[in-house]
Amino acid sequence: MKKGLVWMLALFLAVAAAGCGNQGLRGAGAEGGEDGTGQKDIAITLWTYPVGNWGESAAVANLLSRFHEAYPNIHVSVNYLQYSDGDSMIDDAIAKGQLPDLVFEGPERLVAHWGEEGRMVDLSDLWAEDAAGQVYSFVRDACQHRNGEFYEFPICMGAHCMAINYQMFQEAGALQYIDEESHTWTTEGFIQAVHALVEHGQKQVGAIYCKGQGGDQGTRALVNNLYGGSFTDGAHTEYTIDSEENIKALQLLYDLEGIRFDPEIDGGGEIAQFIQGELAMAFCWNGSLEVSQTMANPDRDFDVFPMAFPTSDGEPRLQGGIWGFGIFDNGDGERIEAAKEFIRFMAMEEEPYKRAVLASAYWPVRDMEDLYVNDILMTEYGLFNRYMGDYYQVTPKWTEARAAWWKMLQKIGKGLAPSKAVKGFCKAVD
C-alpha cells in the first residue's frame, strides 16, 4: 500500500511539473529558467516605419516597457526606418538572410510586396481570435492576400483628404461652393471656386505636384473623384487609370487656370507652399501628427479647413492608410510565436491597444469612440474616415504603379495629351 501511495504521489508530481512547464511564452514557471520564471529567453526584432510616434524611440520605448513587464522572457529590439530608404534596407536584409521579425507598416508593403514574394507569415490564426472580429471589414480585406492568407494585423488607420485656405476662399467669395458641415463639394463647385480665386487675384490656386511619389495619394484621389473614375478594378487585378473618367479629369486639371503641374515639388513641398500662403488649397493633407506639426508653423496666418475631394456625384471616396504588424518568415518557430504574442498584446488587449493607436496619431481600426473625445482636431479629421474608399494599394505591381503615376503627371504637365499619357502608365504596369 505504501509503495502504491509513493507511486501515485510521484505520478501526481510529474503531471504537475509538466503542467507548470507548458504555460506558453507568458507567465511564471518553476525556477531555473533563463529569465528566472521558467521561460526561455527569446530575442526578436521590430523594424518600424515612422507612422506618427512609432518612429520615435522614446514613445516606442514606453510601449515596449509595458510589453516587457507582461512578457519578461521576450526581448524586443527596434530599428527605426525612414520612408526614403526603409524599403531598400529591408530588401538588403532579405538578401543577407538577416530578416527582421516584425515590421510595422501598411498592406502595400506587407501584403502586396513582401507578402506577394512569399516572405511573410500567414496570420490567419490571429484573425480567427475573438478580438479580430471587431476590426472593420474593409481593413480586414486589405490585410488579406488574394491567396487567402493574412500577412498583416492592423493597429490604426486614417483617411487622406485635402485642405483649403479658409480666409482666401472667404475673401474670393468661394465658400459658397463648399458644404462646410459635411466638408464636401462637387466637381462643378471645385471648378467655380478655382475660377473665383483666380479672378480675385490668386494665380496659384493648386499644384499637381509630381517630383516623386511623396504624397501621391492626394493627386490620385483628386483625379479619381472628379468624374467617378477608379485606380484599379474592384478585384485589384489591373489598373484602370486609362478610363474615360480619369482621362477627362486629367484634362480638366491641365486646362483649368490656377492649377499647375509642378515637377519641382512633391507632397511635402506642396504642403509647405500651402502653409506659406502661396497656394489656396492642398491636395496632400490628413490629420496625421506630421501635418499637425506643420500647422503649428508660426508664420501661418489663416485657418486650415479640411475638405474631401470634389466629386461629380457628391459621394467622395478617399484613399486611406492602414498600418499594422507583419511577421517575416525566418523559419524560427519560437521567434514567430513570440512575434505573434507581441501582436496580441499591442492589437488585442484594450489598454495596450489604445496606447498603440495614440502613438500612431491616427484612428483605431475598430469602434472606439472615446479615444479622442477631448481632442477637437482629431475629432474633426476623424469625420473623413466615413468616406474611406477602396484600399487598392494591394494590387500587383504597386511599386511600379506609384513610379509610373508621377512620371505620367510630369508628361502631362509638359503638354502630352492625357489620352496618350495614360498609355505609358499602362505599359509600365503591364
# chains A, B, ... in the order shown; residues from 1 in each chain; ligands from 1

$ residues_around --residues "Glu171 in chain A" --least-positions-apart "3" --cutoff "10 Å" --atoms "only C-alpha atoms" --output "count of residues only"
8

$ select_by_dssp --residues "range 193-354 of chain A" --states "strand (DSSP E)" --output "count of residues only"
25

$ select_by_dssp --residues "range 227-389 of chain A" --states "alpha helix (DSSP H)" --output "JSON, numbers by chain"
{"A": [244, 245, 246, 247, 248, 249, 250, 251, 252, 253, 254, 255, 267, 268, 269, 270, 271, 272, 273, 274, 275, 289, 290, 291, 292, 293, 294, 295, 333, 334, 335, 336, 337, 338, 339, 340, 341, 342, 343, 344, 345, 346, 347, 348, 350, 351, 352, 353, 354, 355, 356, 357, 358, 359, 360, 376, 377, 378, 379, 380, 381, 382]}

$ residues_around --residues "range 103-111 of chain A" --least-positions-apart "4" --cutoff "7 Å" --atoms "only C-alpha atoms" --output "list in words"
Leu46, Trp47, Thr48, Tyr49, Gly115, Glu116, Ala142, Cys143, His145, Tyr151, Glu152, Ile322, Trp323, Gly324, Phe325, Gly326, Ile327, Gln393 and Val394 of chain A

$ write_last_selection --atoms "C-alpha atoms" --output "PDB file, in the first residue's frame"
ATOM      1  CA  LEU A  46      10.894  45.111 -34.687  1.00  0.00           C
ATOM      2  CA  TRP A  47      11.518  47.380 -37.666  1.00  0.00           C
ATOM      3  CA  THR A  48       9.099  50.275 -37.734  1.00  0.00           C
ATOM      4  CA  TYR A  49       8.359  52.926 -40.323  1.00  0.00           C
ATOM      5  CA  GLY A 115       3.668  39.029 -48.990  1.00  0.00           C
ATOM      6  CA  GLU A 116       3.460  38.688 -52.752  1.00  0.00           C
ATOM      7  CA  ALA A 142      -6.828  44.966 -47.132  1.00  0.00           C
ATOM      8  CA  CYS A 143      -4.764  42.746 -44.840  1.00  0.00           C
ATOM      9  CA  HIS A 145      -3.659  38.455 -49.803  1.00  0.00           C
ATOM     10  CA  TYR A 151       0.031  38.998 -43.883  1.00  0.00           C
ATOM     11  CA  GLU A 152      -0.866  41.907 -41.611  1.00  0.00           C
ATOM     12  CA  ILE A 322      -3.762  51.273 -42.789  1.00  0.00           C
ATOM     13  CA  TRP A 323      -0.825  50.413 -40.551  1.00  0.00           C
ATOM     14  CA  GLY A 324      -0.075  47.322 -38.529  1.00  0.00           C
ATOM     15  CA  PHE A 325       2.277  44.417 -37.983  1.00  0.00           C
ATOM     16  CA  GLY A 326       3.542  41.726 -40.273  1.00  0.00           C
ATOM     17  CA  ILE A 327       5.951  38.892 -39.448  1.00  0.00           C
ATOM     18  CA  GLN A 393      -2.726  49.571 -52.797  1.00  0.00           C
ATOM     19  CA  VAL A 394      -2.567  45.769 -52.658  1.00  0.00           C
TER      20      VAL A 394
END

$ atom_distance --atom1 "CA of Gly389 in chain A" --atom2 "CA of Gln82 in chain A"
26.6 Å

$ closest_residue --among "A:Ala112, A:Val194, A:Ile343, A:Leu81" --to "Lys397 in chain A" --atoms "only C-alpha atoms"
A:Ala112

$ residues_around --residues "Gln410 in chain A" --least-positions-apart "4" --cutoff "7 Å" --atoms "only C-alpha atoms" --output "ChimeraX atom specification"
/A:210,263,406,414

$ write_last_selection --atoms "C-alpha atoms" --output "PDB file, in the first residue's frame"
ATOM      1  CA  CYS A 210       4.905  65.307 -59.378  1.00  0.00           C
ATOM      2  CA  PRO A 263       7.611  68.672 -61.340  1.00  0.00           C
ATOM      3  CA  TRP A 406       4.152  60.757 -61.077  1.00  0.00           C
ATOM      4  CA  LYS A 414       4.831  69.168 -70.403  1.00  0.00           C
TER       5      LYS A 414
END
